[in-house]
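Dropping input-v7.cif in here (mmCIF, C-alpha atoms and all ligand atoms):
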```cif
data_structure
loop_
_atom_site.label_atom_id
_atom_site.label_comp_id
_atom_site.auth_asym_id
_atom_site.auth_seq_id
_atom_site.Cartn_x
_atom_site.Cartn_y
_atom_site.Cartn_z
CA MET Y 215 -19.51 -30.30 -65.35
CA ALA Y 216 -16.05 -31.86 -65.64
CA THR Y 217 -15.00 -32.89 -69.15
CA LYS Y 218 -13.26 -36.23 -69.50
CA LEU Y 219 -9.70 -35.73 -70.70
CA SER Y 220 -8.41 -38.02 -73.41
CA ASN Y 221 -5.26 -39.95 -72.57
CA LYS Y 222 -4.01 -39.86 -76.16
CA PRO Y 223 -0.33 -38.92 -75.98
CA LEU Y 224 0.94 -35.88 -77.87
CA ALA Y 225 2.70 -36.59 -81.17
CA ALA Y 226 6.46 -36.79 -80.93
CA SER Y 227 6.91 -33.78 -83.21
CA ALA Y 228 4.57 -31.37 -81.52
CA GLY Y 229 3.07 -28.88 -83.99
CA THR Y 230 0.50 -26.14 -83.51
CA ASP Y 231 -2.36 -28.67 -83.44
CA ASP Y 232 -0.70 -30.40 -80.54
CA LEU Y 233 -0.25 -27.12 -78.76
CA GLY Y 234 -3.96 -26.54 -79.32
CA VAL Y 235 -4.76 -29.89 -77.69
CA LEU Y 236 -2.43 -29.10 -74.81
CA HIS Y 237 -4.09 -25.72 -74.37
CA ARG Y 238 -7.57 -27.28 -74.30
CA LYS Y 239 -6.48 -29.83 -71.69
CA ALA Y 240 -4.83 -27.18 -69.55
CA SER Y 241 -7.94 -24.97 -69.81
CA THR Y 242 -10.09 -27.84 -68.57
CA ILE Y 243 -7.95 -28.18 -65.47
CA LEU Y 244 -8.14 -24.43 -64.93
CA LYS Y 245 -11.92 -24.52 -65.19
CA ARG Y 246 -12.11 -27.34 -62.64
CA LEU Y 247 -9.93 -25.46 -60.20
CA ARG Y 248 -11.91 -22.28 -60.73
CA ASP Y 249 -15.27 -24.03 -60.34
CA ASN Y 250 -14.14 -25.53 -57.05
CA ALA Y 251 -13.49 -22.03 -55.72
CA LEU Y 252 -17.00 -20.80 -56.63
CA ASP Y 253 -20.09 -21.03 -54.48
CA PRO Y 254 -22.30 -23.64 -56.20
CA GLY Y 255 -25.39 -21.59 -55.25
CA THR Y 256 -24.37 -18.23 -56.71
CA GLY Y 257 -21.68 -19.31 -59.21
CA GLN Y 258 -19.43 -16.67 -57.67
CA LYS Y 259 -16.73 -16.52 -55.05
CA HIS Y 260 -17.94 -15.32 -51.70
CA GLY Y 261 -16.17 -12.87 -49.47
CA PRO Y 262 -15.05 -13.51 -45.89
CA THR Y 263 -17.40 -13.38 -42.89
CA PHE Y 264 -16.58 -12.63 -39.27
CA ALA Y 265 -17.90 -13.67 -35.85
CA ILE Y 266 -19.09 -10.82 -33.63
CA SER Y 267 -15.86 -10.59 -31.60
CA LYS Y 268 -13.70 -10.18 -34.71
CA ALA Y 269 -16.29 -7.91 -36.36
CA ALA Y 270 -16.25 -5.68 -33.27
CA LYS Y 271 -12.46 -5.32 -33.47
CA LEU Y 272 -12.66 -4.51 -37.17
CA VAL Y 273 -15.25 -1.76 -36.66
CA ASP Y 274 -13.47 -0.43 -33.60
CA ARG Y 275 -16.32 -1.07 -31.16
CA THR Y 276 -17.10 -3.72 -28.54
CA PRO Y 277 -19.35 -6.73 -29.16
CA SER Y 278 -21.80 -5.31 -26.63
CA ALA Y 279 -21.95 -2.02 -28.57
CA ILE Y 280 -22.96 -4.05 -31.64
CA ARG Y 281 -25.57 -6.03 -29.68
CA GLU Y 282 -26.99 -2.83 -28.24
CA ALA Y 283 -27.21 -1.19 -31.68
CA GLU Y 284 -29.01 -4.28 -32.95
CA ARG Y 285 -31.46 -4.09 -30.03
CA ASP Y 286 -32.23 -0.41 -30.41
CA GLY Y 287 -32.65 -0.62 -34.20
CA ARG Y 288 -29.56 1.35 -35.32
CA LEU Y 289 -28.37 -1.90 -36.86
CA PRO Y 290 -30.64 -4.56 -38.36
CA ALA Y 291 -31.66 -7.34 -35.93
CA ARG Y 292 -29.33 -10.32 -36.32
CA GLU Y 293 -30.54 -13.68 -37.47
CA ARG Y 294 -29.36 -16.74 -35.54
CA THR Y 295 -28.08 -20.10 -36.62
CA ALA Y 296 -30.01 -23.22 -35.60
CA SER Y 297 -27.71 -23.47 -32.58
CA GLY Y 298 -28.55 -19.91 -31.50
CA HIS Y 299 -25.33 -18.15 -32.58
CA ARG Y 300 -25.45 -14.85 -34.45
CA LEU Y 301 -24.85 -15.30 -38.17
CA GLN Y 302 -21.38 -14.14 -39.14
CA TYR Y 303 -21.03 -10.62 -40.53
CA SER Y 304 -20.05 -9.88 -44.14
CA LEU Y 305 -17.76 -7.05 -45.27
CA ALA Y 306 -20.79 -5.07 -46.50
CA GLU Y 307 -22.36 -5.43 -43.03
CA LEU Y 308 -19.12 -4.28 -41.38
CA ASP Y 309 -19.20 -1.23 -43.63
CA ASN Y 310 -22.75 -0.47 -42.52
CA MET Y 311 -21.69 -0.81 -38.88
CA ARG Y 312 -18.80 1.60 -39.43
CA GLU Y 313 -21.18 4.08 -41.00
CA VAL Y 314 -23.57 3.81 -38.01
CA PHE Y 315 -20.74 4.06 -35.45
CA GLY Y 316 -18.84 6.75 -37.39
CA THR Y 317 -15.69 4.63 -37.56
CA ARG Y 318 -15.01 4.41 -41.30
CA PRO Y 319 -11.25 4.83 -41.79
CA TRP Y 320 -11.63 6.70 -45.09
CA ARG Y 321 -9.23 9.50 -45.91
CA GLU Y 322 -10.34 13.12 -45.81
CA PRO Y 323 -10.83 14.65 -49.28
CA ASP Y 324 -7.56 16.59 -48.94
CA ASP Y 325 -5.50 13.50 -48.09
CA VAL Y 326 -3.69 12.16 -51.14
CA PRO Y 327 -4.85 8.62 -51.97
CA ALA Y 328 -2.03 6.10 -51.85
CA ILE Y 329 -1.23 4.70 -55.31
CA ILE Y 330 1.06 1.79 -54.56
CA SER Y 331 2.93 -0.26 -57.09
CA VAL Y 332 4.23 -3.63 -55.93
CA SER Y 333 7.20 -3.73 -58.26
CA ASN Y 334 10.22 -5.80 -59.16
CA PHE Y 335 11.03 -6.95 -62.65
CA LYS Y 336 11.83 -10.43 -61.44
CA GLY Y 337 8.96 -12.94 -61.61
CA GLY Y 338 8.08 -15.22 -58.73
CA VAL Y 339 9.23 -12.87 -55.95
CA GLY Y 340 5.71 -12.60 -54.54
CA LYS Y 341 4.50 -9.36 -56.16
CA SER Y 342 1.01 -10.61 -57.00
CA THR Y 343 0.68 -12.44 -53.69
CA ILE Y 344 1.58 -9.31 -51.73
CA ALA Y 345 -0.51 -6.98 -53.92
CA LEU Y 346 -3.61 -9.14 -53.57
CA HIS Y 347 -3.32 -9.79 -49.81
CA LEU Y 348 -2.53 -6.11 -49.20
CA ALA Y 349 -5.57 -5.00 -51.20
CA GLN Y 350 -7.81 -7.48 -49.36
CA SER Y 351 -6.39 -6.63 -45.95
CA LEU Y 352 -7.07 -2.92 -46.51
CA ALA Y 353 -10.61 -3.69 -47.71
CA ILE Y 354 -11.22 -5.80 -44.58
CA LYS Y 355 -10.15 -2.80 -42.52
CA GLY Y 356 -12.76 -0.70 -44.29
CA TYR Y 357 -10.68 1.26 -46.80
CA ARG Y 358 -11.96 1.74 -50.35
CA VAL Y 359 -9.47 -0.07 -52.53
CA LEU Y 360 -8.89 -0.35 -56.28
CA LEU Y 361 -6.64 -3.20 -57.41
CA ILE Y 362 -5.27 -2.93 -60.95
CA ASP Y 363 -3.92 -6.07 -62.55
CA CYS Y 364 -1.34 -4.79 -65.02
CA ASP Y 365 0.18 -8.19 -65.80
CA SER Y 366 -0.98 -10.00 -68.93
CA GLN Y 367 -0.41 -13.30 -67.08
CA ALA Y 368 -3.41 -12.18 -65.01
CA SER Y 369 -2.79 -14.38 -61.97
CA THR Y 370 -4.43 -11.76 -59.76
CA THR Y 371 -7.48 -11.53 -62.01
CA MET Y 372 -7.85 -15.31 -61.85
CA MET Y 373 -8.08 -15.14 -58.07
CA PHE Y 374 -11.32 -13.18 -58.46
CA GLY Y 375 -12.94 -16.15 -60.19
CA TYR Y 376 -12.29 -15.17 -63.81
CA ARG Y 377 -10.72 -17.26 -66.54
CA PRO Y 378 -9.03 -14.16 -67.93
CA ASP Y 379 -8.77 -15.14 -71.59
CA ILE Y 380 -12.22 -16.70 -71.78
CA ASP Y 381 -14.38 -14.56 -69.54
CA LEU Y 382 -12.82 -11.20 -70.44
CA GLY Y 383 -12.35 -9.35 -73.71
CA GLU Y 384 -9.55 -6.98 -74.63
CA ASN Y 385 -11.66 -3.94 -73.80
CA ASP Y 386 -12.25 -5.18 -70.28
CA THR Y 387 -8.64 -4.44 -69.31
CA LEU Y 388 -6.31 -1.45 -69.36
CA TYR Y 389 -5.72 -2.38 -73.02
CA GLY Y 390 -9.19 -1.07 -73.86
CA HIS Y 391 -8.49 2.11 -71.97
CA PHE Y 392 -5.23 2.70 -73.84
CA HIS Y 393 -7.01 2.31 -77.15
CA ASP Y 394 -9.93 4.53 -76.45
CA PRO Y 395 -9.68 6.48 -73.22
CA GLU Y 396 -12.40 8.93 -74.36
CA LEU Y 397 -14.99 6.42 -75.39
CA LEU Y 398 -14.41 3.74 -72.82
CA GLY Y 399 -13.14 5.62 -69.79
CA VAL Y 400 -11.56 3.68 -67.00
CA GLN Y 401 -14.77 3.81 -64.96
CA SER Y 402 -16.43 1.24 -67.19
CA ILE Y 403 -13.62 -1.30 -66.81
CA ILE Y 404 -13.71 -1.19 -63.02
CA ARG Y 405 -15.48 -4.23 -61.62
CA LYS Y 406 -17.04 -4.76 -58.23
CA THR Y 407 -15.75 -8.00 -56.71
CA HIS Y 408 -16.93 -10.63 -54.23
CA PHE Y 409 -14.77 -8.74 -51.74
CA PHE Y 410 -16.82 -5.70 -50.66
CA GLY Y 411 -14.75 -2.51 -50.75
CA LEU Y 412 -12.26 -3.96 -53.22
CA ASP Y 413 -12.75 -3.10 -56.91
CA LEU Y 414 -10.73 -4.59 -59.75
CA ILE Y 415 -9.42 -3.61 -63.14
CA PRO Y 416 -8.68 -7.06 -64.56
CA ALA Y 417 -6.03 -8.18 -67.03
CA ASN Y 418 -5.72 -10.84 -69.67
CA LEU Y 419 -3.18 -11.95 -72.25
CA LYS Y 420 -4.20 -9.24 -74.70
CA LEU Y 421 -2.66 -6.67 -72.36
CA TYR Y 422 0.73 -7.93 -73.51
CA ASN Y 423 0.12 -6.27 -76.90
CA LEU Y 424 0.43 -2.94 -75.15
CA GLU Y 425 4.14 -3.52 -74.82
CA TYR Y 426 4.84 -3.24 -78.53
CA GLU Y 427 1.90 -0.95 -79.30
CA ILE Y 428 3.22 1.66 -76.85
CA ALA Y 429 6.76 1.17 -78.21
CA ALA Y 430 5.48 1.65 -81.78
CA HIS Y 431 3.54 4.74 -80.71
CA LEU Y 432 6.66 6.20 -79.10
CA ALA Y 433 8.74 5.51 -82.20
CA ARG Y 434 6.08 7.09 -84.44
CA THR Y 435 5.25 10.20 -82.44
CA HIS Y 436 8.34 10.72 -80.29
CA SER Y 437 5.87 11.75 -77.61
CA PHE Y 438 6.00 10.18 -74.16
CA ASP Y 439 2.44 11.27 -73.34
CA ILE Y 440 1.19 7.74 -73.79
CA ILE Y 441 3.20 6.65 -70.74
CA ASP Y 442 0.92 8.89 -68.67
CA LEU Y 443 -2.22 6.99 -69.62
CA VAL Y 444 -2.23 4.73 -66.54
CA SER Y 445 -1.68 7.75 -64.37
CA GLU Y 446 -4.49 9.66 -66.08
CA ALA Y 447 -6.79 6.66 -65.84
CA ILE Y 448 -6.19 6.42 -62.11
CA HIS Y 449 -6.61 10.12 -61.54
CA SER Y 450 -9.98 10.09 -63.25
CA VAL Y 451 -11.39 7.65 -60.67
CA VAL Y 452 -9.19 7.93 -57.60
CA HIS Y 453 -11.57 10.25 -55.75
CA ASP Y 454 -13.68 7.17 -54.95
CA TYR Y 455 -10.79 5.34 -53.29
CA ASP Y 456 -8.40 5.54 -50.37
CA VAL Y 457 -5.79 3.21 -51.84
CA VAL Y 458 -4.93 1.97 -55.33
CA VAL Y 459 -2.73 -1.13 -55.54
CA MET Y 460 -1.06 -2.00 -58.85
CA ASP Y 461 0.30 -5.42 -59.75
CA PRO Y 462 2.74 -4.86 -62.64
CA PRO Y 463 4.24 -7.44 -65.00
CA PRO Y 464 7.61 -9.05 -64.23
CA ALA Y 465 9.60 -7.01 -66.73
CA LEU Y 466 10.71 -3.43 -67.02
CA GLY Y 467 8.70 -2.89 -70.19
CA MET Y 468 6.34 -0.14 -71.29
CA VAL Y 469 3.49 -1.12 -68.96
CA SER Y 470 5.79 -1.34 -65.93
CA MET Y 471 7.14 2.07 -66.83
CA ALA Y 472 3.61 3.49 -67.01
CA VAL Y 473 2.90 1.91 -63.60
CA LEU Y 474 6.02 3.41 -62.02
CA GLN Y 475 4.99 6.75 -63.47
CA ALA Y 476 1.47 6.47 -62.04
CA ALA Y 477 2.47 5.36 -58.53
CA ASN Y 478 3.12 7.63 -55.58
CA ALA Y 479 4.49 4.79 -53.43
CA MET Y 480 6.33 1.56 -54.06
CA ILE Y 481 6.77 -1.77 -52.33
CA ILE Y 482 9.64 -3.87 -53.69
CA PRO Y 483 9.35 -7.54 -52.68
CA MET Y 484 12.79 -9.12 -52.53
CA PRO Y 485 13.55 -12.69 -51.45
CA PRO Y 486 16.82 -12.87 -49.51
CA SER Y 487 18.73 -14.95 -52.06
CA VAL Y 488 21.82 -13.73 -53.88
CA ILE Y 489 20.23 -13.98 -57.33
CA ASP Y 490 17.05 -12.18 -56.32
CA PHE Y 491 19.05 -9.61 -54.45
CA SER Y 492 21.26 -8.85 -57.41
CA SER Y 493 18.38 -8.64 -59.88
CA THR Y 494 16.48 -6.36 -57.49
CA VAL Y 495 19.48 -4.06 -57.31
CA SER Y 496 19.42 -3.90 -61.13
CA PHE Y 497 15.67 -3.27 -61.02
CA ILE Y 498 16.11 -0.31 -58.66
CA ASP Y 499 18.84 1.13 -60.86
CA MET Y 500 16.87 0.66 -64.08
CA ALA Y 501 13.72 2.09 -62.53
CA ARG Y 502 15.71 5.15 -61.47
CA THR Y 503 17.28 5.74 -64.89
CA THR Y 504 13.99 5.10 -66.68
CA MET Y 505 12.20 7.64 -64.51
CA GLN Y 506 15.01 10.12 -65.13
CA GLN Y 507 14.78 9.61 -68.89
CA LEU Y 508 11.02 10.06 -68.78
CA GLU Y 509 11.43 13.31 -66.90
CA GLU Y 510 13.98 14.55 -69.42
CA ALA Y 511 11.80 13.55 -72.36
CA GLY Y 512 8.55 15.00 -71.02
CA SER Y 513 7.77 18.40 -69.68
CA ARG Y 514 6.35 17.04 -66.46
CA VAL Y 515 8.54 16.25 -63.45
CA ARG Y 516 6.98 13.34 -61.63
CA PRO Y 517 6.50 13.94 -57.91
CA ALA Y 518 8.73 12.01 -55.52
CA TYR Y 519 7.35 8.77 -54.12
CA ASN Y 520 5.75 9.20 -50.71
CA PHE Y 521 7.39 5.97 -49.61
CA ILE Y 522 9.50 3.20 -51.12
CA ARG Y 523 9.91 0.08 -49.02
CA VAL Y 524 11.83 -3.09 -49.68
CA LEU Y 525 9.97 -6.12 -48.34
CA GLY Y 526 11.84 -9.32 -47.49
CA SER Y 527 9.59 -11.84 -49.26
CA ARG Y 528 9.53 -15.64 -49.51
CA VAL Y 529 11.89 -15.68 -46.54
CA ASP Y 530 12.97 -19.06 -45.20
CA GLU Y 531 14.64 -18.45 -41.86
CA SER Y 532 15.67 -22.10 -41.60
CA LYS Y 533 18.23 -21.33 -44.34
CA SER Y 534 21.36 -19.72 -42.94
CA MET Y 535 21.91 -17.86 -46.23
CA HIS Y 536 18.47 -16.26 -45.94
CA ARG Y 537 19.17 -15.21 -42.35
CA GLU Y 538 22.51 -13.70 -43.31
CA LEU Y 539 21.22 -11.85 -46.35
CA LEU Y 540 18.18 -10.61 -44.44
CA ALA Y 541 20.45 -9.19 -41.72
CA MET Y 542 22.55 -7.54 -44.41
CA MET Y 543 19.48 -6.11 -46.12
CA ARG Y 544 18.26 -4.65 -42.82
CA GLU Y 545 21.65 -3.09 -42.21
CA VAL Y 546 22.02 -1.64 -45.69
CA PHE Y 547 18.43 -0.56 -46.36
CA GLY Y 548 17.66 0.53 -42.79
CA GLY Y 549 14.38 2.48 -42.73
CA SER Y 550 13.78 1.77 -46.42
CA MET Y 551 12.97 -1.79 -45.48
CA LEU Y 552 9.63 -2.84 -43.96
CA SER Y 553 10.32 -4.14 -40.48
CA SER Y 554 8.08 -7.19 -41.05
CA VAL Y 555 8.93 -9.84 -43.62
CA MET Y 556 6.82 -12.37 -45.53
CA PRO Y 557 8.16 -15.89 -44.99
CA THR Y 558 7.55 -18.74 -47.40
CA SER Y 559 4.45 -20.49 -46.15
CA ALA Y 560 2.82 -23.71 -47.29
CA GLU Y 561 -0.51 -22.04 -46.47
CA ILE Y 562 -0.05 -19.52 -49.31
CA ASP Y 563 0.64 -22.31 -51.79
CA ASN Y 564 -2.26 -24.35 -50.50
CA ALA Y 565 -4.64 -21.41 -50.60
CA SER Y 566 -3.60 -20.37 -54.11
CA SER Y 567 -3.98 -23.88 -55.46
CA ARG Y 568 -7.62 -23.59 -54.29
CA MET Y 569 -7.75 -20.21 -56.06
CA LYS Y 570 -8.11 -18.47 -52.73
CA THR Y 571 -6.07 -16.06 -50.71
CA VAL Y 572 -5.23 -16.82 -47.10
CA TYR Y 573 -7.83 -14.19 -46.13
CA GLU Y 574 -10.48 -16.16 -48.03
CA LEU Y 575 -9.80 -19.53 -46.43
CA GLU Y 576 -12.58 -20.49 -44.04
CA ARG Y 577 -10.29 -22.85 -42.17
CA ALA Y 578 -6.63 -23.86 -42.08
CA VAL Y 579 -5.55 -26.03 -45.02
CA THR Y 580 -2.26 -27.12 -43.50
CA SER Y 581 -2.39 -26.98 -39.71
CA HIS Y 582 -3.94 -24.43 -37.40
CA GLU Y 583 -0.45 -23.41 -36.34
CA VAL Y 584 0.90 -22.88 -39.88
CA HIS Y 585 -2.28 -21.02 -40.87
CA THR Y 586 -2.14 -18.69 -37.87
CA ARG Y 587 1.56 -18.02 -38.35
CA CYS Y 588 1.00 -17.17 -42.01
CA LEU Y 589 -1.95 -14.88 -41.17
CA ASN Y 590 0.10 -13.12 -38.49
CA HIS Y 591 2.93 -12.48 -40.95
CA LEU Y 592 0.57 -11.23 -43.66
CA ASN Y 593 -1.20 -8.98 -41.15
CA ALA Y 594 2.11 -7.57 -39.91
CA VAL Y 595 3.23 -6.71 -43.46
CA CYS Y 596 -0.14 -5.14 -44.31
CA ASP Y 597 -0.20 -3.21 -40.99
CA ASP Y 598 3.26 -1.80 -41.76
CA VAL Y 599 2.11 -0.63 -45.19
CA GLU Y 600 -1.10 0.80 -43.69
CA ARG Y 601 1.02 2.78 -41.24
CA ASP Y 602 3.09 4.15 -44.15
CA ILE Y 603 -0.10 5.15 -45.96
CA LEU Y 604 -1.58 6.89 -42.90
CA ARG Y 605 1.63 8.85 -42.41
CA THR Y 606 1.04 10.47 -45.80
CA TRP Y 607 -2.48 11.63 -44.81
CA SER Y 608 -2.31 14.92 -42.98
CA SER Y 609 -5.73 14.35 -41.38
CA ARG Y 610 -4.20 11.40 -39.50
CA ALA Y 611 -0.98 13.01 -38.34
CA GLY Y 612 -0.60 12.28 -34.65
CA LYS Y 613 -3.64 9.94 -34.54
CA GLY Y 614 -4.32 6.23 -34.39
CA MET Y 615 -1.79 3.70 -35.65
CA ILE Y 616 0.81 6.25 -36.72
N1 LIG V 701 5.30 -16.23 -49.05
C1 LIG V 701 5.04 -17.21 -49.91
N2 LIG V 701 5.01 -18.49 -49.48
C2 LIG V 701 4.74 -19.52 -50.33
N3 LIG V 701 4.48 -19.34 -51.63
C3 LIG V 701 4.49 -18.09 -52.13
C4 LIG V 701 4.78 -16.96 -51.30
N4 LIG V 701 4.75 -15.85 -52.07
C5 LIG V 701 4.44 -16.27 -53.31
N5 LIG V 701 4.29 -17.61 -53.35
C6 LIG V 701 3.98 -18.45 -54.52
O1 LIG V 701 4.98 -18.26 -55.49
C7 LIG V 701 4.45 -18.15 -56.78
C8 LIG V 701 4.84 -16.80 -57.38
O2 LIG V 701 4.32 -15.77 -56.58
P1 LIG V 701 3.70 -14.46 -57.22
O3 LIG V 701 3.12 -13.68 -56.10
O4 LIG V 701 2.79 -14.80 -58.34
O5 LIG V 701 5.01 -13.76 -57.76
P2 LIG V 701 5.20 -12.61 -58.86
O6 LIG V 701 3.93 -11.85 -58.96
O7 LIG V 701 6.33 -11.78 -58.32
O8 LIG V 701 5.58 -13.30 -60.14
C9 LIG V 701 2.94 -18.32 -56.63
O9 LIG V 701 2.63 -19.65 -56.91
C10 LIG V 701 2.67 -18.00 -55.18
O10 LIG V 701 1.57 -18.73 -54.69
MG MG V 702 2.72 -11.46 -60.63
#
```

Would you mind giving the structure from this file in structure tokens?
Ligand SMILES: Nc1ncnc2c1ncn2[C@@H]1O[C@H](COP(=O)(O)OP(=O)(O)O)[C@@H](O)[C@H]1O
Ligand SMILES: [Mg+2]
Amino acid sequence: MATKLSNKPLAASAGTDDLGVLHRKASTILKRLRDNALDPGTGQKHGPTFAISKAAKLVDRTPSAIREAERDGRLPARERTASGHRLQYSLAELDNMREVFGTRPWREPDDVPAIISVSNFKGGVGKSTIALHLAQSLAIKGYRVLLIDCDSQASTTMMFGYRPDIDLGENDTLYGHFHDPELLGVQSIIRKTHFFGLDLIPANLKLYNLEYEIAAHLARTHSFDIIDLVSEAIHSVVHDYDVVVMDPPPALGMVSMAVLQAANAMIIPMPPSVIDFSSTVSFIDMARTTMQQLEEAGSRVRPAYNFIRVLGSRVDESKSMHRELLAMMREVFGGSMLSSVMPTSAEIDNASSRMKTVYELERAVTSHEVHTRCLNHLNAVCDDVERDILRTWSSRAGKGMI
């Protein structure tokens, strides 16, 4: 139920009371936006569904193979809409099909799960957007994915239908795990989501306290063990997943350091503008020295990353500067750059203002053309990353997409 907002202006000398009023008003807007994204029937977001032709592609079989399996009872008989069409298939139903057809793309137990951090200490470069779409794209393809929101701003968590600071407590995030890894265990903070195959460790503002709590711990104990907590948390649950995607905060603080330490692969989104370029260069340098210092301080040498890829993000090819810088980035970074780029798209803005990803939109918000172009770009980026992941799995060497 929408609350009527008062039009009373804020006092000229805004004090804490006024900030309180402002916060309440802003929260009301947030609630409205969130409620619009939820299914009025279930009070939850619902995952994507697919027509039989798309479902068939996703499970690596033909539509007639699906129809046949439904006829002979290997798959449940399909209900029809009033107009006689098969009901669309959910992600859980696709997973069942893959199990029946033997086409699940899961890694073999000996393949090392990909633990990818989408990192850059600059905000607004598209980290959360890429992390979320990548995690969803991999789940759509049938991988078992864990997405960890490590940013106290929690924009990724919000996209799962939570109001992070209202619906979640401090123990529901990595903060709880840091405080009591024995008692809580990361397993209990993992949440199933509306997106089958994609689990979430959410974040909220309280996570920010970790920054100074870890720093205080380091100063007190002179032990860097605490930096390994994210890594340990992931390792205690990673056997259930093919891919872990981490969305770190936009700063090279303690949490980002712990994320870099836990990852075995990195995607660095970088818009082709001079400012973003230069701050990304500093990020790469600082990440390198930080990792070196951690190695020197601890006994453990962290394994090399399986892949590090720079991703041209928020690219606007109508700007000559973007085209020039992008060409330069390709030349300088060579194979360290993903061959696909993520252009700026009105569809991403439009989807996120509805608290949806582009993969969750049932229809184009802008135009069909803009929507399709945006989807194609997202798919190309996610396919490139999938290829990088598969290359690290020895069971896939020489097979499939690689
Ligand atoms: N390719 C894109 N096209 C249009 N808007 C984008 C794109 N990537 C990100 N955005 C928007 O820019 C803002 C910041 O992106 P976000 O992914 O949250 O960045 P970060 O996590 O690096 O701070 C968000 O509002 C997001 O919707
Ligand atoms: Mg972010």

Show me a table, sorted first by chain and then by increasing residue number, of the residues of chain Y having an atom at most 7 Å from ligand MG 702 (chain V), each with its shortest atom pair and the distance in Å to one decimal, counting only C-alpha atoms and all ligand atoms and written as a Markdown table.
```
| residue | atom | partner | partner_atom | distance |
| --- | --- | --- | --- | --- |
| Y:Gly337 | CA | V:MG702 | MG | 6.5 |
| Y:Gly338 | CA | V:MG702 | MG | 6.8 |
| Y:Gly340 | CA | V:MG702 | MG | 6.9 |
| Y:Lys341 | CA | V:MG702 | MG | 5.2 |
| Y:Ser342 | CA | V:MG702 | MG | 4.1 |
| Y:Asp365 | CA | V:MG702 | MG | 6.6 |
| Y:Ser369 | CA | V:MG702 | MG | 6.4 |
| Y:Asp461 | CA | V:MG702 | MG | 6.6 |
| Y:Pro462 | CA | V:MG702 | MG | 6.9 |
| Y:Pro463 | CA | V:MG702 | MG | 6.1 |
| Y:Pro464 | CA | V:MG702 | MG | 6.5 |
```

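With only C-alpha atoms and all ligand atoms as the basis for measurement, Y:Ser527 is the residue among Y:Ser493, Y:Ser532, Y:Gln475, Y:Ser527 that approaches ligand LIG 701 (chain V) most closely.
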
Nearest residue to Val495 in chain Y from the set Y:Pro483, Y:Gly261, Y:Val579, Y:His299 (distances using all atoms listed in the file)
Y:Pro483

Point (7.8, 1.7, -52.3), cut-off 8 Å, counting all atoms listed in the file, residues as a compact mmCIF listing (two decimals) with C-alpha atoms, keeping the file's coordinate frame:
```txt
# COMPACT_ATOMS: atom_id res chain seq x y z
CA ILE Y 330 1.06 1.79 -54.56
CA SER Y 331 2.93 -0.26 -57.09
CA VAL Y 332 4.23 -3.63 -55.93
CA ALA Y 479 4.49 4.79 -53.43
CA MET Y 480 6.33 1.56 -54.06
CA ILE Y 481 6.77 -1.77 -52.33
CA ILE Y 482 9.64 -3.87 -53.69
CA TYR Y 519 7.35 8.77 -54.12
CA ASN Y 520 5.75 9.20 -50.71
CA PHE Y 521 7.39 5.97 -49.61
CA ILE Y 522 9.50 3.20 -51.12
CA ARG Y 523 9.91 0.08 -49.02
CA VAL Y 524 11.83 -3.09 -49.68
```

Considering all atoms listed in the file, return as a list in words whatever protein or nucleic-acid residues lie within 9 Å of Leu361 in chain Y, sequence-local ones (same chain, fewer than 4 positions apart) excluded.
Ala345, Leu346, Ala349, Leu412, Asp413, Leu414, Ile415, Pro416, Val457, Val458, Val459, Met460 and Asp461 of chain Y
